[in-house]
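structure23.cif follows (mmCIF, C-alpha atoms and all ligand atoms):
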```cif
data_final
#
loop_
_atom_site.label_atom_id
_atom_site.label_comp_id
_atom_site.auth_asym_id
_atom_site.auth_seq_id
_atom_site.Cartn_x
_atom_site.Cartn_y
_atom_site.Cartn_z
CA MET A 1 -22.54 -13.14 -9.91
CA LYS A 2 -23.36 -14.10 -6.34
CA ARG A 3 -20.36 -13.77 -4.12
CA ASP A 4 -19.49 -15.90 -1.12
CA LEU A 5 -19.51 -14.40 2.33
CA VAL A 6 -15.83 -13.96 3.16
CA GLY A 7 -13.62 -12.38 5.82
CA GLY A 8 -10.87 -9.82 5.38
CA ILE A 9 -8.05 -8.76 7.66
CA GLU A 10 -6.11 -5.58 6.95
CA ALA A 11 -3.12 -6.39 9.11
CA GLY A 12 -1.23 -3.15 9.57
CA GLY A 13 1.76 -2.33 11.72
CA THR A 14 -0.33 0.01 13.90
CA LYS A 15 -3.84 -1.42 13.60
CA PHE A 16 -5.82 -4.43 12.40
CA VAL A 17 -9.16 -4.02 10.63
CA CYS A 18 -11.31 -7.16 10.28
CA ALA A 19 -14.48 -7.34 8.22
CA VAL A 20 -17.07 -9.85 7.03
CA GLY A 21 -18.99 -9.27 3.81
CA THR A 22 -19.12 -9.78 0.08
CA GLY A 23 -17.94 -6.36 -1.17
CA PRO A 24 -18.01 -2.59 -0.61
CA ASN A 25 -21.80 -2.39 -0.48
CA ASP A 26 -22.25 -5.40 1.73
CA ILE A 27 -20.08 -5.28 4.85
CA ARG A 28 -21.94 -7.19 7.59
CA ALA A 29 -19.56 -6.52 10.46
CA GLU A 30 -16.29 -4.74 11.04
CA VAL A 31 -13.90 -4.21 13.94
CA ARG A 32 -10.58 -2.43 14.38
CA PHE A 33 -8.02 -2.66 17.16
CA PRO A 34 -4.36 -1.76 17.70
CA THR A 35 -1.58 -4.14 16.67
CA THR A 36 -0.01 -5.32 19.93
CA THR A 37 1.63 -8.71 20.49
CA PRO A 38 0.98 -11.40 17.88
CA GLU A 39 -0.84 -13.59 20.45
CA GLU A 40 -3.22 -10.86 21.54
CA THR A 41 -3.78 -9.40 18.08
CA ILE A 42 -4.35 -12.71 16.27
CA GLY A 43 -6.54 -13.80 19.19
CA ARG A 44 -8.76 -10.74 18.80
CA ALA A 45 -9.07 -11.28 15.06
CA ALA A 46 -10.01 -14.94 15.55
CA ALA A 47 -12.54 -14.05 18.28
CA PHE A 48 -14.20 -11.54 15.94
CA PHE A 49 -14.66 -14.10 13.18
CA HIS A 50 -15.93 -16.75 15.63
CA GLU A 51 -18.74 -14.34 16.59
CA GLN A 52 -19.83 -13.79 12.97
CA GLU A 53 -21.73 -15.77 10.39
CA ARG A 54 -19.49 -18.47 8.97
CA VAL A 55 -17.24 -17.35 6.12
CA THR A 56 -15.93 -19.54 3.30
CA ALA A 57 -12.46 -17.99 3.27
CA VAL A 58 -10.40 -15.21 4.82
CA GLY A 59 -8.07 -12.80 3.04
CA ILE A 60 -5.13 -11.24 4.85
CA ALA A 61 -3.47 -8.12 3.47
CA ALA A 62 -0.48 -7.69 5.74
CA PHE A 63 2.46 -5.46 6.53
CA GLY A 64 5.74 -7.08 5.61
CA PRO A 65 8.18 -8.16 4.59
CA LEU A 66 6.29 -11.43 4.27
CA ASP A 67 6.32 -14.69 2.35
CA PRO A 68 3.49 -14.94 -0.22
CA ASP A 69 4.84 -18.05 -2.02
CA PRO A 70 2.48 -21.01 -1.40
CA ASN A 71 5.31 -23.42 -2.21
CA SER A 72 7.63 -22.05 0.43
CA PRO A 73 7.99 -23.55 3.93
CA THR A 74 7.49 -20.09 5.41
CA TYR A 75 4.42 -19.25 3.28
CA GLY A 76 2.03 -17.00 5.17
CA HIS A 77 4.66 -15.76 7.61
CA ILE A 78 5.65 -12.21 8.39
CA THR A 79 9.40 -12.63 7.88
CA THR A 80 12.02 -10.05 8.83
CA THR A 81 10.02 -7.19 10.28
CA PRO A 82 11.70 -5.05 12.93
CA LYS A 83 8.32 -4.82 14.67
CA PRO A 84 8.93 -6.44 18.10
CA GLY A 85 7.57 -9.98 18.39
CA TRP A 86 6.30 -10.18 14.82
CA ALA A 87 9.31 -11.59 12.96
CA ASN A 88 8.64 -15.15 11.73
CA VAL A 89 5.00 -15.18 12.86
CA ASP A 90 2.84 -17.60 10.86
CA LEU A 91 -0.06 -15.20 10.45
CA ALA A 92 -1.91 -17.06 7.66
CA GLY A 93 -1.34 -20.45 9.30
CA GLU A 94 -2.67 -19.35 12.67
CA ILE A 95 -5.75 -17.65 11.28
CA GLY A 96 -6.52 -20.48 8.85
CA GLY A 97 -5.90 -23.09 11.55
CA THR A 98 -8.17 -21.58 14.18
CA LEU A 99 -10.99 -20.73 11.76
CA GLY A 100 -10.70 -23.87 9.63
CA VAL A 101 -11.00 -22.00 6.33
CA PRO A 102 -8.68 -21.35 3.36
CA VAL A 103 -6.67 -18.14 3.56
CA GLY A 104 -5.59 -15.75 0.79
CA PHE A 105 -2.43 -13.98 1.86
CA ASP A 106 -0.52 -11.10 0.31
CA THR A 107 1.05 -7.73 1.02
CA ASP A 108 -1.20 -4.88 2.16
CA VAL A 109 -0.49 -3.06 -1.10
CA ASN A 110 -1.11 -6.04 -3.38
CA GLY A 111 -4.38 -6.53 -1.51
CA ALA A 112 -5.32 -2.90 -2.03
CA ALA A 113 -4.40 -3.21 -5.71
CA LEU A 114 -6.73 -6.20 -6.06
CA GLY A 115 -9.54 -4.37 -4.26
CA GLU A 116 -9.10 -1.36 -6.56
CA TRP A 117 -9.15 -3.67 -9.56
CA GLN A 118 -12.41 -5.33 -8.47
CA TRP A 119 -14.31 -2.33 -7.16
CA GLY A 120 -12.26 0.87 -7.46
CA ALA A 121 -10.01 2.96 -9.70
CA ALA A 122 -8.36 0.10 -11.61
CA GLN A 123 -11.42 -1.67 -12.99
CA GLY A 124 -10.83 -2.97 -16.51
CA LEU A 125 -7.04 -2.54 -16.39
CA ASP A 126 -4.51 -5.37 -16.41
CA THR A 127 -1.27 -3.57 -15.52
CA PHE A 128 -1.20 -0.89 -12.82
CA ILE A 129 0.34 -0.06 -9.47
CA TYR A 130 -1.05 0.92 -6.08
CA LEU A 131 1.23 2.95 -3.83
CA THR A 132 0.76 3.86 -0.20
CA ILE A 133 2.52 6.88 1.24
CA GLY A 134 2.02 6.55 4.98
CA THR A 135 4.09 5.32 7.92
CA GLY A 136 6.05 3.48 5.26
CA ILE A 137 5.99 3.55 1.48
CA GLY A 138 5.03 0.43 -0.42
CA GLY A 139 3.75 -0.54 -3.81
CA GLY A 140 1.61 -3.37 -5.10
CA ALA A 141 1.37 -4.22 -8.75
CA MET A 142 -0.86 -6.10 -11.11
CA VAL A 143 0.96 -7.07 -14.28
CA ASN A 144 -0.89 -8.65 -17.21
CA GLY A 145 -3.83 -9.44 -14.93
CA ARG A 146 -1.88 -11.06 -12.08
CA LEU A 147 -0.59 -9.64 -8.83
CA LEU A 148 3.19 -9.34 -9.06
CA HIS A 149 5.27 -11.42 -6.64
CA GLY A 150 8.38 -12.56 -8.46
CA LEU A 151 11.23 -13.46 -6.14
CA ILE A 152 9.35 -12.43 -2.97
CA HIS A 153 7.31 -9.28 -3.52
CA PRO A 154 8.17 -5.80 -4.80
CA GLU A 155 9.66 -3.29 -2.36
CA MET A 156 8.87 -0.11 -4.26
CA GLY A 157 9.46 2.10 -1.21
CA HIS A 158 13.15 1.26 -1.15
CA ILE A 159 14.29 2.46 -4.54
CA PRO A 160 17.16 4.97 -4.45
CA LEU A 161 16.52 8.60 -5.37
CA PRO A 162 18.89 11.31 -6.54
CA HIS A 163 19.66 13.34 -3.41
CA ASP A 164 20.51 17.01 -3.86
CA TRP A 165 22.11 17.76 -0.48
CA GLU A 166 22.06 21.51 -1.10
CA ARG A 167 18.33 21.48 -1.57
CA ASP A 168 17.61 18.95 1.18
CA SER A 169 20.12 18.26 3.95
CA TYR A 170 17.88 15.64 5.59
CA HIS A 171 19.79 12.33 5.74
CA GLY A 172 16.75 10.02 5.50
CA ARG A 173 15.45 7.49 8.01
CA CYS A 174 15.42 4.07 6.38
CA PRO A 175 17.43 1.77 8.69
CA TYR A 176 18.68 -0.13 5.63
CA HIS A 177 19.31 2.60 3.03
CA GLY A 178 19.04 6.00 4.68
CA ASP A 179 17.80 8.19 1.84
CA CYS A 180 15.72 5.74 -0.21
CA LEU A 181 12.18 6.77 -1.20
CA GLU A 182 10.66 5.63 2.10
CA GLY A 183 13.55 7.15 4.03
CA MET A 184 12.92 10.54 2.41
CA ALA A 185 9.19 10.76 1.71
CA SER A 186 7.22 8.68 4.24
CA GLY A 187 5.05 10.41 6.85
CA PRO A 188 7.68 9.94 9.58
CA ALA A 189 10.38 11.36 7.25
CA ILE A 190 8.29 14.51 6.75
CA GLU A 191 7.87 14.82 10.51
CA ASP A 192 11.59 14.25 11.11
CA ARG A 193 12.68 16.80 8.51
CA TRP A 194 10.30 19.61 9.43
CA GLY A 195 9.78 18.95 13.15
CA VAL A 196 5.98 18.59 12.93
CA LYS A 197 3.64 15.97 11.52
CA GLY A 198 2.53 16.38 7.91
CA GLN A 199 -1.04 17.08 8.99
CA ALA A 200 0.20 20.21 10.84
CA LEU A 201 2.00 21.72 7.82
CA PRO A 202 0.03 24.32 5.81
CA PRO A 203 -0.77 23.51 2.15
CA ASP A 204 1.65 26.16 0.85
CA HIS A 205 4.59 24.94 2.97
CA PRO A 206 7.74 24.08 0.95
CA ALA A 207 7.51 20.55 2.39
CA TRP A 208 4.89 19.65 -0.22
CA GLU A 209 6.92 20.82 -3.21
CA LEU A 210 9.81 18.68 -1.98
CA GLU A 211 7.52 15.74 -1.23
CA ALA A 212 6.03 15.94 -4.72
CA HIS A 213 9.55 16.10 -6.17
CA TYR A 214 10.53 12.81 -4.52
CA LEU A 215 7.26 11.10 -5.35
CA ALA A 216 7.46 12.18 -8.99
CA LEU A 217 11.04 10.91 -9.28
CA ALA A 218 9.78 7.57 -8.00
CA LEU A 219 6.82 7.54 -10.39
CA ARG A 220 9.15 8.18 -13.28
CA THR A 221 11.08 5.06 -12.29
CA PHE A 222 7.95 2.94 -11.88
CA ILE A 223 6.52 4.16 -15.20
CA CYS A 224 9.76 3.38 -17.02
CA ALA A 225 10.18 -0.03 -15.34
CA LEU A 226 6.62 -1.41 -15.38
CA SER A 227 4.65 0.67 -17.89
CA PRO A 228 1.55 0.83 -15.66
CA GLN A 229 -1.73 1.89 -17.27
CA ARG A 230 -2.59 3.84 -14.11
CA ILE A 231 -0.99 4.77 -10.79
CA ILE A 232 -3.14 4.84 -7.66
CA MET A 233 -1.71 6.72 -4.68
CA GLY A 234 -3.16 6.26 -1.19
CA GLY A 235 -2.01 6.46 2.43
CA GLY A 236 -2.18 9.21 5.04
CA VAL A 237 0.27 11.61 3.35
CA MET A 238 -1.80 11.68 0.14
CA ALA A 239 -4.68 13.12 2.16
CA GLN A 240 -2.97 16.46 1.33
CA PRO A 241 -5.01 17.32 -1.78
CA GLN A 242 -2.43 19.78 -3.16
CA LEU A 243 0.01 16.88 -3.63
CA PHE A 244 -1.83 15.34 -6.58
CA PRO A 245 -1.50 18.31 -8.98
CA LEU A 246 2.13 18.83 -7.91
CA VAL A 247 3.03 15.16 -8.40
CA ARG A 248 1.27 15.01 -11.78
CA ALA A 249 3.04 18.10 -13.12
CA LYS A 250 6.46 16.99 -11.92
CA THR A 251 6.00 13.48 -13.26
CA GLN A 252 5.30 14.95 -16.71
CA GLU A 253 8.31 17.25 -16.34
CA TYR A 254 10.71 14.45 -15.32
CA LEU A 255 9.53 12.08 -18.06
CA ASN A 256 10.14 14.95 -20.48
CA GLN A 257 7.74 13.64 -23.12
CA TYR A 258 9.75 10.48 -23.56
CA VAL A 259 6.86 8.09 -22.88
CA GLN A 260 4.60 8.91 -25.80
CA SER A 261 1.19 8.12 -24.38
CA PRO A 262 -1.70 10.58 -24.50
CA VAL A 263 -2.64 9.32 -21.05
CA ILE A 264 0.55 10.83 -19.67
CA LEU A 265 0.88 13.78 -22.02
CA THR A 266 -2.68 15.13 -21.84
CA GLN A 267 -4.82 13.04 -19.46
CA ILE A 268 -2.59 12.86 -16.42
CA THR A 269 -5.44 13.65 -14.00
CA SER A 270 -6.95 10.27 -14.83
CA TYR A 271 -3.52 8.57 -14.79
CA ILE A 272 -2.26 9.46 -11.30
CA VAL A 273 -5.29 9.10 -9.07
CA PRO A 274 -6.43 8.57 -5.47
CA PRO A 275 -7.94 5.18 -4.57
CA GLY A 276 -11.50 4.71 -5.81
CA LEU A 277 -12.20 2.98 -2.50
CA GLY A 278 -10.67 5.84 -0.50
CA ASN A 279 -9.30 4.74 2.86
CA ARG A 280 -11.31 1.49 2.52
CA ALA A 281 -8.89 0.10 -0.07
CA GLY A 282 -6.99 -1.86 2.59
CA VAL A 283 -9.81 -3.77 4.21
CA LEU A 284 -11.72 -4.27 0.96
CA GLY A 285 -8.51 -5.50 -0.61
CA ALA A 286 -8.28 -8.10 2.14
CA LEU A 287 -11.82 -9.24 1.30
CA ALA A 288 -10.82 -9.48 -2.36
CA LEU A 289 -7.82 -11.63 -1.39
CA ALA A 290 -10.15 -14.12 0.33
CA GLU A 291 -11.55 -15.02 -3.07
CA THR A 292 -8.08 -15.93 -4.31
CA ALA A 293 -8.05 -18.69 -1.68
CA VAL A 294 -11.12 -20.45 -3.03
CA GLN A 295 -10.47 -20.23 -6.77
P1 LIG B 301 -0.24 3.49 8.01
O1 LIG B 301 0.78 3.74 6.95
O2 LIG B 301 0.37 3.29 9.37
O3 LIG B 301 -1.24 2.44 7.64
P2 LIG B 301 -1.38 6.05 7.27
O4 LIG B 301 -1.49 5.68 5.85
O5 LIG B 301 -2.52 6.81 7.89
O6 LIG B 301 -1.14 4.80 8.20
O7 LIG B 301 -0.06 6.93 7.41
C1 LIG B 301 0.30 7.53 8.61
C2 LIG B 301 1.32 8.62 8.28
O8 LIG B 301 0.69 9.59 7.43
C3 LIG B 301 1.81 9.38 9.50
O9 LIG B 301 3.21 9.60 9.36
C4 LIG B 301 1.05 10.71 9.45
O10 LIG B 301 1.80 11.77 10.00
C5 LIG B 301 0.80 10.89 7.98
N1 LIG B 301 -0.46 11.59 7.75
C6 LIG B 301 -1.69 11.21 8.16
N2 LIG B 301 -2.62 12.11 7.79
C7 LIG B 301 -1.96 13.09 7.12
C8 LIG B 301 -2.37 14.31 6.49
N3 LIG B 301 -3.65 14.69 6.49
N4 LIG B 301 -1.42 15.04 5.91
C9 LIG B 301 -0.13 14.65 5.90
N5 LIG B 301 0.32 13.54 6.49
C10 LIG B 301 -0.59 12.76 7.10
ZN ZN B 302 15.05 1.72 2.34
#
```
Structure rendered as structure tokens:
Amino acid sequence: MKRDLVGGIEAGGTKFVCAVGTGPNDIRAEVRFPTTTPEETIGRAAAFFHEQERVTAVGIAAFGPLDPDPNSPTYGHITTTPKPGWANVDLAGEIGGTLGVPVGFDTDVNGAALGEWQWGAAQGLDTFIYLTIGTGIGGGAMVNGRLLHGLIHPEMGHIPLPHDWERDSYHGRCPYHGDCLEGMASGPAIEDRWGVKGQALPPDHPAWELEAHYLALALRTFICALSPQRIIMGGGVMAQPQLFPLVRAKTQEYLNQYVQSPVILTQITSYIVPPGLGNRAGVLGALALAETAVQ
């Protein structure tokens, strides 16, 4: 199938990545720049696309919370973010307006999930989740072949976790919930708890055992609630390769053989996996979202 030339914007809280292409093996141009004010950042994205070959649509995979409901008056907006200047910004409207093309708009993690489904580790599946463990923790989901939105969009990073204060006296850093998953296990939470960034902690540091404990508790919840056929885990923190075996083993331990699938009982290495697209899942996911705008 010949694909249209489309644009993608991975709109992150710290950086924007914009690309033009048709898929992972055909990226014609790409640029990245820091996320500053909405005016400057959206202006740079628009200027990039104006310089390129004309695209038929643009996909935006954005940090949130955001409004992905096309029937809502605030569709395409970043909504309640604490990021200065970005609350209530009509990101999809401004990009679509200045470029004159349809826009596909979703969360960064739903975008990454779609990219992984088209080109990466979720090909052929219809129900799976994509998690990012980075500056924040978020999850995107495809359920029965459709990206999950529901009321607004899932907020998988904000589930509560059992907190054993004797084992871990860290109070958590989520401004809304304190010791939710993101509050306890995001990159900044690791840095806060141990006094150095995750990338500076050695692989045998107790931080990773604790991190895997929290992530596996969360996976148990997601497995029980959504019954995903696979779980893809990306984001900066998962660059620690020792985390995958720890998380897999603890997930099996915490499920305690209750979910009777051979995939979990004996093939867990192919069940909890890194992104097939590596750290390109975000921007390629944005490209994949562009196609949703023209269908
Ligand atoms: P973002 O979530 O902002 O898109 P990342 O996914 O790169 O970006 O996540 C950044 C977070 O991940 C930071 O808190 C950083 O300390 C942490 N991080 C980045 N690389 C590593 C690493 N190799 N090991 C552990 N933590 C890391
Ligand atoms: Zn929270």
> Pick the closest to ligand ZN 302 (chain B) from A:Val294, A:Leu287, A:Met156, A:Ile264: which is it, counting all atoms listed in the file?
Replying inline: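 Answer, going by the shortest atom-to-atom distance: A:Met156.
Using all atoms listed in the file, we find that the residues with an atom at most 10 Å from any atom of ligand ZN 302 (chain B) are Gly136, Ile137, Glu155, Met156, Gly157, His158, Ile159, Pro160, Gly172, Arg173, Cys174, Pro175, Tyr176, His177, Gly178, Asp179, Cys180, Leu181, Glu182, Gly183 and Met184 of chain A.
Candidate residues A:Gly93, A:Gly139, A:Gly7, A:Gly85 were compared for distance to Leu289 of chain A, and the nearest is A:Gly7, using only C-alpha atoms.
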>> Within 7 Å of ligand LIG 301 (chain B) (counting only C-alpha atoms and all ligand atoms), which residues show up? I'd like them as a PyMOL selection string.
In response: chain A and resi 12-14+132-136+186-188+191+197-199+235-240
>> For a quick check of your reading of the model, name the residues lying within 12 Å of the coordinate (-4.7, 12.2, -15.8), counting all atoms listed in the file, and write them as an MDAnalysis selection string.
In response: chainID A and resid 229:232 244:245 247:249 251:252 261:274
> For the atom pair atom CA of Ile27 of chain A and atom CA of Asp4 of chain A, what is the interatomic distance in Å to one decimal place?
Replying inline: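 Here the two named atoms are 12.2 Å from each other.
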>> Report, in Å with one decimal, the straight-line distance from atom CA of Ala87 of chain A to atom CA of Met142 of chain A.
In response: 26.7 Å
>> Excluding Thr81 of chain A and its own-chain neighbours fewer than 4 positions away, which residues fall within 10 Å of it when counting all atoms listed in the file? Please give them as a PyMOL selection string.
In response: chain A and resi 13+63-66+85-89
>> Give me the residues near segment 56-59 of chain A as number ranges by chain, where near means some atom within 7 Å (using only C-alpha atoms) and where sequence neighbours in that chain fewer than 2 positions away do not count.
In response: A: 4-9, 54, 61, 101-105, 286-290, 293-294
Taking 3 positions as the minimum chain separation for residues in the same chain, which residues sit within 7 Å of Val109 of chain A when counting only C-alpha atoms? Answer as a JSON list (two decimals) with C-alpha atoms, keeping the file's coordinate frame.
```
[["chain", "number", "residue", "atom", "x", "y", "z"],
["A", 112, "ALA", "CA", -5.32, -2.90, -2.03],
["A", 113, "ALA", "CA", -4.40, -3.21, -5.71],
["A", 130, "TYR", "CA", -1.05, 0.92, -6.08],
["A", 131, "LEU", "CA", 1.23, 2.95, -3.83],
["A", 138, "GLY", "CA", 5.03, 0.43, -0.42],
["A", 139, "GLY", "CA", 3.75, -0.54, -3.81],
["A", 140, "GLY", "CA", 1.61, -3.37, -5.10]]
```
>> I'd like to know which of A:Gly278, A:Arg167, A:Val283, A:Leu243 is closest to Val31 of chain A, using all atoms listed in the file.
In response: A:Val283
>> Rounded to one decimal, what separation in Å do you get between atom CA of Gln118 of chain A and atom CA of Ala45 of chain A?
In response: 24.5 Å
As JSON, what would the box around segment 235-247 of chain A look like: edges along x, y and z, 6 Å added on every side, centre and edge lengths in Å to one decimal?
```
{"center_x": -1.0, "center_y": 13.1, "center_z": -2.0, "size_x": 20.0, "size_y": 25.3, "size_z": 26.0}
```
>> Would you pick out the contacts of Leu125 of chain A at 12 Å or less, using only C-alpha atoms, so that residues sharing its chain but fewer than 2 positions from it are not included, and give the list as a PyMOL selection string?
In response: chain A and resi 113-114+116-123+127-129+141-146+228-231+271
Store the residues picked out above in a file with C-alpha atoms, as an mmCIF file, in the coordinates of the input.
```
data_model
loop_
_atom_site.group_PDB
_atom_site.id
_atom_site.type_symbol
_atom_site.label_atom_id
_atom_site.label_comp_id
_atom_site.auth_asym_id
_atom_site.auth_seq_id
_atom_site.Cartn_x
_atom_site.Cartn_y
_atom_site.Cartn_z
ATOM 1 C CA ALA A 113 -4.400 -3.210 -5.710
ATOM 2 C CA LEU A 114 -6.730 -6.200 -6.060
ATOM 3 C CA GLU A 116 -9.100 -1.360 -6.560
ATOM 4 C CA TRP A 117 -9.150 -3.670 -9.560
ATOM 5 C CA GLN A 118 -12.410 -5.330 -8.470
ATOM 6 C CA TRP A 119 -14.310 -2.330 -7.160
ATOM 7 C CA GLY A 120 -12.260 0.870 -7.460
ATOM 8 C CA ALA A 121 -10.010 2.960 -9.700
ATOM 9 C CA ALA A 122 -8.360 0.100 -11.610
ATOM 10 C CA GLN A 123 -11.420 -1.670 -12.990
ATOM 11 C CA THR A 127 -1.270 -3.570 -15.520
ATOM 12 C CA PHE A 128 -1.200 -0.890 -12.820
ATOM 13 C CA ILE A 129 0.340 -0.060 -9.470
ATOM 14 C CA ALA A 141 1.370 -4.220 -8.750
ATOM 15 C CA MET A 142 -0.860 -6.100 -11.110
ATOM 16 C CA VAL A 143 0.960 -7.070 -14.280
ATOM 17 C CA ASN A 144 -0.890 -8.650 -17.210
ATOM 18 C CA GLY A 145 -3.830 -9.440 -14.930
ATOM 19 C CA ARG A 146 -1.880 -11.060 -12.080
ATOM 20 C CA PRO A 228 1.550 0.830 -15.660
ATOM 21 C CA GLN A 229 -1.730 1.890 -17.270
ATOM 22 C CA ARG A 230 -2.590 3.840 -14.110
ATOM 23 C CA ILE A 231 -0.990 4.770 -10.790
ATOM 24 C CA TYR A 271 -3.520 8.570 -14.790
#
```
>> Distance cut-off 9 Å, centre (-15.9, -10.8, 15.6) in file coordinates, counting only C-alpha atoms: which residues qualify? Return them as an MDAnalysis selection string.
In response: chainID A and resid 18:20 29:31 44:52
